[in-house]
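Okay, run-v3.txt is below, compact mmCIF, C-alpha atoms:
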# COMPACT_ATOMS: atom_id res chain seq x y z
CA MET A 211 202.32 25.40 126.58
CA LYS A 212 200.61 24.47 129.80
CA VAL A 213 199.92 26.34 133.01
CA LYS A 214 200.72 24.85 136.39
CA LEU A 215 199.91 26.10 139.87
CA LEU A 216 202.37 24.86 142.48
CA LEU A 217 201.13 25.16 146.07
CA VAL A 218 202.64 24.57 149.50
CA GLY A 219 200.12 22.68 151.64
CA LYS A 220 196.60 21.59 150.85
CA SER A 221 193.51 23.77 151.12
CA VAL A 222 191.96 23.07 154.49
CA GLU A 223 188.59 24.77 154.12
CA ASP A 224 185.90 22.96 152.15
CA TRP A 225 184.44 26.20 150.77
CA LEU A 226 187.87 27.22 149.40
CA GLN A 227 188.38 23.80 147.87
CA SER A 228 184.94 23.96 146.23
CA GLY A 229 185.76 27.28 144.58
CA ILE A 230 189.16 26.06 143.43
CA ILE A 231 187.61 22.94 141.90
CA LEU A 232 184.98 25.06 140.12
CA TYR A 233 187.51 27.36 138.45
CA THR A 234 190.11 24.71 137.67
CA SER A 235 187.46 22.64 135.90
CA ARG A 236 186.49 25.72 133.85
CA LEU A 237 190.13 26.50 133.04
CA LYS A 238 190.63 23.16 131.34
CA HIS A 239 188.46 24.42 128.44
CA TYR A 240 191.13 27.03 127.64
CA VAL A 241 194.55 25.64 128.52
CA PRO A 242 196.19 22.47 129.80
CA PHE A 243 196.15 23.23 133.53
CA GLU A 244 197.39 21.32 136.52
CA MET A 245 197.67 22.02 140.19
CA THR A 246 200.36 20.36 142.29
CA VAL A 247 200.33 20.44 146.08
CA ILE A 248 203.64 20.19 147.92
CA PRO A 249 202.99 18.63 151.34
CA GLU A 250 203.38 20.95 154.32
CA LEU A 251 206.30 20.35 156.61
CA LYS A 252 205.60 18.32 159.73
CA GLN A 253 206.84 19.08 163.24
CA THR A 254 207.98 22.64 162.58
CA SER A 255 207.76 24.00 166.14
CA ALA A 256 211.53 23.64 166.63
CA LEU A 257 212.32 25.33 163.30
CA SER A 258 212.87 29.03 162.69
CA VAL A 259 210.87 30.85 160.01
CA GLU A 260 213.99 30.89 157.81
CA GLN A 261 214.45 27.14 158.21
CA ILE A 262 210.81 26.56 157.27
CA LYS A 263 211.17 28.78 154.18
CA GLU A 264 214.39 26.98 153.17
CA ARG A 265 212.86 23.51 153.47
CA GLU A 266 209.69 24.54 151.66
CA GLY A 267 211.88 26.25 149.06
CA ASP A 268 213.80 23.04 148.39
CA ARG A 269 210.49 21.27 147.78
CA ILE A 270 209.29 24.05 145.47
CA LEU A 271 212.50 23.96 143.44
CA ALA A 272 212.22 20.18 143.12
CA GLY A 273 208.77 20.72 141.56
CA VAL A 274 209.92 22.93 138.68
CA LYS A 275 211.90 22.07 135.56
CA SER A 276 214.76 24.14 134.21
CA SER A 277 212.64 24.82 131.12
CA ASP A 278 209.70 26.28 133.12
CA GLU A 279 208.95 29.97 133.43
CA VAL A 280 208.43 30.38 137.17
CA ILE A 281 206.22 33.21 138.44
CA LEU A 282 205.89 33.70 142.19
CA LEU A 283 202.65 35.02 143.63
CA ASP A 284 204.23 37.64 145.85
CA GLU A 285 203.08 40.88 147.44
CA ARG A 286 206.04 42.68 145.83
CA GLY A 287 205.18 41.48 142.34
CA GLN A 288 203.79 43.27 139.33
CA MET A 289 200.10 44.20 139.55
CA PHE A 290 197.61 44.26 136.71
CA SER A 291 193.99 45.12 136.11
CA SER A 292 192.00 42.08 134.94
CA GLU A 293 192.21 43.33 131.33
CA GLY A 294 195.94 44.05 131.64
CA TRP A 295 196.54 40.61 133.12
CA ALA A 296 194.63 39.03 130.21
CA ARG A 297 196.80 40.92 127.67
CA HIS A 298 199.98 39.95 129.53
CA LEU A 299 198.94 36.30 129.69
CA GLU A 300 197.93 36.29 126.02
CA GLN A 301 201.39 37.57 125.05
CA LYS A 302 203.05 34.83 127.10
CA MET A 303 200.81 32.21 125.54
CA THR A 304 201.41 33.56 122.02
CA TYR A 305 205.15 34.24 122.10
CA GLY A 306 206.43 32.08 124.95
CA SER A 307 207.46 28.50 124.54
CA LYS A 308 207.97 27.58 128.18
CA ASP A 309 205.36 26.11 130.49
CA LEU A 310 204.14 28.72 132.98
CA VAL A 311 204.46 27.67 136.62
CA PHE A 312 202.84 29.95 139.17
CA VAL A 313 203.88 29.32 142.76
CA VAL A 314 202.01 30.03 145.99
CA GLY A 315 204.38 29.70 148.93
CA GLY A 316 203.63 28.75 152.48
CA ALA A 317 202.51 31.04 155.27
CA TYR A 318 205.97 32.66 155.57
CA GLY A 319 206.63 33.20 151.87
CA PHE A 320 209.63 32.10 149.82
CA SER A 321 213.28 31.33 150.50
CA GLU A 322 216.01 33.36 148.82
CA LYS A 323 216.81 30.38 146.54
CA VAL A 324 213.25 30.41 145.24
CA TYR A 325 213.41 34.15 144.58
CA GLN A 326 216.65 33.63 142.67
CA ARG A 327 215.09 30.92 140.49
CA ALA A 328 211.97 32.94 139.72
CA ASP A 329 211.50 34.53 136.32
CA GLY A 330 208.96 36.99 137.68
CA LYS A 331 206.62 37.95 140.49
CA LEU A 332 202.90 38.65 140.35
CA SER A 333 200.89 40.46 143.01
CA LEU A 334 197.13 40.02 143.16
CA SER A 335 196.60 43.12 145.30
CA GLN A 336 198.24 45.62 147.60
CA MET A 337 196.29 43.87 150.31
CA THR A 338 197.67 40.75 151.97
CA PHE A 339 195.70 37.53 151.57
CA SER A 340 196.31 34.25 153.33
CA HIS A 341 198.21 31.73 151.23
CA GLN A 342 194.98 29.68 151.31
CA MET A 343 192.86 32.51 149.85
CA VAL A 344 195.41 33.34 147.17
CA ARG A 345 194.77 29.98 145.53
CA LEU A 346 191.10 30.68 144.91
CA ILE A 347 191.65 34.29 143.89
CA PHE A 348 194.38 33.30 141.45
CA VAL A 349 192.47 30.50 139.69
CA GLU A 350 189.43 32.78 139.36
CA GLN A 351 191.58 35.55 137.87
CA LEU A 352 193.26 33.08 135.52
CA TYR A 353 189.83 31.90 134.37
CA ARG A 354 188.67 35.52 134.01
CA ALA A 355 191.73 36.32 131.88
CA PHE A 356 190.93 33.52 129.45
CA THR A 357 187.32 34.64 129.12
CA ILE A 358 188.57 38.17 128.36
CA ILE A 359 191.02 36.82 125.78
CA LYS A 360 188.23 34.82 124.12
CA GLY A 361 185.75 37.73 124.29
CA GLU A 362 183.33 35.77 126.44
CA PRO A 363 180.79 37.54 128.69
CA TYR A 364 182.11 36.51 132.15
CA HIS A 365 184.00 39.79 132.78
CA HIS A 366 182.05 43.06 132.98
CA LYS A 367 183.68 46.46 132.61

Represent the structure of the file as structure tokens.
Amino acid sequence: MKVKLLLVGKSVEDWLQSGIILYTSRLKHYVPFEMTVIPELKQTSALSVEQIKEREGDRILAGVKSSDEVILLDERGQMFSSEGWARHLEQKMTYGSKDLVFVVGGAYGFSEKVYQRADGKLSLSQMTFSHQMVRLIFVEQLYRAFTIIKGEPYHHK
């Protein structure tokens, strides 16, 4: 099983990209991990929010396989403590056979087609973060979960 993070648009801030690189390099010690960036749409000023979500959604759906377990990072998703997230992830890694694909949408979220394809939703907080910040927070929490699973000293209670 491998873990994939599918993102709409590249990270534009160097400090965000540095953090993402740090945690993705650490993650590779625990699980096959890849991050795929779907290019942002160009010339969107004439498009409605729904049209943008639909077009981004088509690109997201093209980036997942029918055999993938797709989890959307969404404010209406299930929330966990860091320890609870680690237990949940460990169960998926132990008993699941599908690759896990976590998806960060664009600034306006996901289209209805993407919600219909999703196998689950995960929320990182009741607070709203920019889709840029979510990337860094998620990869850090994924790394944290693996250190908890392995009993390593990164996470403090």

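Straight-line separation from atom CA of Val344 of chain A to atom CA of Lys252 of chain A: 22.1 Å.
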
List as a PDB file with C-alpha atoms, in the frame of the given file: which residues have an atom within 8 Å of (205.5, 32.7, 147.4), counting all atoms listed in the file?
ATOM      1  CA  LEU A 282     205.890  33.700 142.190  1.00  0.00           C
ATOM      2  CA  LEU A 283     202.650  35.020 143.630  1.00  0.00           C
ATOM      3  CA  ASP A 284     204.230  37.640 145.850  1.00  0.00           C
ATOM      4  CA  VAL A 313     203.880  29.320 142.760  1.00  0.00           C
ATOM      5  CA  VAL A 314     202.010  30.030 145.990  1.00  0.00           C
ATOM      6  CA  GLY A 315     204.380  29.700 148.930  1.00  0.00           C
ATOM      7  CA  GLY A 316     203.630  28.750 152.480  1.00  0.00           C
ATOM      8  CA  GLY A 319     206.630  33.200 151.870  1.00  0.00           C
ATOM      9  CA  PHE A 320     209.630  32.100 149.820  1.00  0.00           C
TER      10      PHE A 320
END

Might you pull out every residue within 8 Å of Glu244 of chain A, with all atoms listed in the file counted and same-chain residues fewer than 5 positions away left off, and present them as a short mmCIF file (atom, residue, chain, number, x, y, z; two decimals) with C-alpha atoms, in the coordinates of the input?
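Saved to part-v7.cif:
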data_model
loop_
_atom_site.label_atom_id
_atom_site.label_comp_id
_atom_site.auth_asym_id
_atom_site.auth_seq_id
_atom_site.Cartn_x
_atom_site.Cartn_y
_atom_site.Cartn_z
CA VAL A 213 199.92 26.34 133.01
CA LYS A 214 200.72 24.85 136.39
CA LEU A 215 199.91 26.10 139.87
#

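Shortest atom-to-atom contact with Asp329 of chain A among A:Glu279, A:Glu260, A:Glu250, A:Glu350: A:Glu279, counting only C-alpha atoms.
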
Minimum-distance residue to Leu271 of chain A, chosen among A:Ser333, A:Gln288, A:Thr357, A:Gln326 (using all atoms listed in the file): A:Gln326

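When atom CA of Gln351 of chain A is paired with atom CA of Ala272 of chain A, their separation reads 26.3 Å.
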
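Across the model, the gap from atom CA of Val311 of chain A to atom CA of Val274 of chain A is 7.5 Å.
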
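Each of A:Gln261, A:Thr304, A:Ser235, A:Ser292 was checked against Ile358 of chain A using all atoms listed in the file; the smallest atom-to-atom distance is that of A:Ser292.
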
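Nearest to Gly361 of chain A of all the residues A:Ala328, A:Ala296, A:Ala317, A:Ile347 is A:Ala296, counting all atoms listed in the file.
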
Residue nearest Val247 of chain A - candidates A:Arg345, A:Arg286, A:His366, A:Arg327, atoms counted: all atoms listed in the file: A:Arg345

Best match for closeness to Val241 of chain A among A:Gly287, A:Glu293, A:Tyr318, A:Met211, counting only C-alpha atoms: A:Met211

Spatial neighbours of Leu226 of chain A, 8 Å, only C-alpha atoms, chain gap at least 6 places, as a VMD selection string: chain A and resid 342 to 343 346

Within 9 Å of Asp268 of chain A using all atoms listed in the file, minus same-chain residues under 6 positions, as a PyMOL selection string: chain A and resi 321+323-324

Cut-off 10 Å around (183.6, 33.7, 135.2) with all atoms listed in the file: residues as a VMD selection string: chain A and resid 233 236 to 237 350 to 358 362 to 366

Can I get segment 282-308 of chain A with N, CA and C atoms filled in, as a compact mmCIF listing (two decimals), keeping the file's coordinate frame?
# COMPACT_ATOMS: atom_id res chain seq x y z
N LEU A 282 206.29 33.79 140.79
CA LEU A 282 205.89 33.70 142.19
C LEU A 282 204.72 34.63 142.45
N LEU A 283 203.72 34.15 143.17
CA LEU A 283 202.65 35.02 143.63
C LEU A 283 203.17 35.66 144.91
N ASP A 284 203.48 36.96 144.81
CA ASP A 284 204.23 37.64 145.85
C ASP A 284 203.72 39.07 145.98
N GLU A 285 203.61 39.54 147.21
CA GLU A 285 203.08 40.88 147.44
C GLU A 285 203.92 41.98 146.80
N ARG A 286 205.18 41.69 146.47
CA ARG A 286 206.04 42.68 145.83
C ARG A 286 206.10 42.52 144.32
N GLY A 287 205.19 41.74 143.78
CA GLY A 287 205.18 41.48 142.34
C GLY A 287 204.45 42.55 141.56
N GLN A 288 204.46 42.35 140.25
CA GLN A 288 203.79 43.27 139.33
C GLN A 288 202.28 43.10 139.48
N MET A 289 201.56 44.23 139.44
CA MET A 289 200.10 44.20 139.55
C MET A 289 199.48 44.59 138.21
N PHE A 290 198.34 44.01 137.94
CA PHE A 290 197.61 44.26 136.71
C PHE A 290 196.13 44.48 137.02
N SER A 291 195.44 45.18 136.13
CA SER A 291 193.99 45.12 136.11
C SER A 291 193.64 43.76 135.49
N SER A 292 192.39 43.36 135.55
CA SER A 292 192.00 42.08 134.94
C SER A 292 192.26 42.10 133.43
N GLU A 293 191.96 43.23 132.77
CA GLU A 293 192.21 43.33 131.33
C GLU A 293 193.70 43.32 131.02
N GLY A 294 194.49 44.03 131.83
CA GLY A 294 195.94 44.05 131.64
C GLY A 294 196.55 42.68 131.85
N TRP A 295 196.07 41.97 132.85
CA TRP A 295 196.54 40.61 133.12
C TRP A 295 196.22 39.70 131.93
N ALA A 296 195.01 39.85 131.37
CA ALA A 296 194.63 39.03 130.21
C ALA A 296 195.57 39.31 129.03
N ARG A 297 195.88 40.58 128.77
CA ARG A 297 196.80 40.92 127.67
C ARG A 297 198.19 40.34 127.92
N HIS A 298 198.66 40.47 129.16
CA HIS A 298 199.98 39.95 129.53
C HIS A 298 200.03 38.43 129.35
N LEU A 299 199.02 37.75 129.81
CA LEU A 299 198.94 36.30 129.69
C LEU A 299 198.85 35.88 128.22
N GLU A 300 198.06 36.60 127.44
CA GLU A 300 197.93 36.29 126.02
C GLU A 300 199.27 36.41 125.30
N GLN A 301 200.06 37.42 125.65
CA GLN A 301 201.39 37.57 125.05
C GLN A 301 202.28 36.38 125.42
N LYS A 302 202.25 35.99 126.68
CA LYS A 302 203.05 34.83 127.10
C LYS A 302 202.62 33.57 126.37
N MET A 303 201.32 33.40 126.20
CA MET A 303 200.81 32.21 125.54
C MET A 303 201.13 32.24 124.04
N THR A 304 201.17 33.43 123.45
CA THR A 304 201.41 33.56 122.02
C THR A 304 202.90 33.45 121.68
N TYR A 305 203.73 34.14 122.45
CA TYR A 305 205.15 34.24 122.10
C TYR A 305 206.07 33.39 122.96
N GLY A 306 205.58 32.89 124.08
CA GLY A 306 206.43 32.08 124.95
C GLY A 306 206.38 30.62 124.56
N SER A 307 207.43 29.93 124.85
CA SER A 307 207.46 28.50 124.54
C SER A 307 207.58 27.65 125.80
N LYS A 308 207.80 28.31 126.93
CA LYS A 308 207.97 27.58 128.18
C LYS A 308 206.62 27.36 128.85
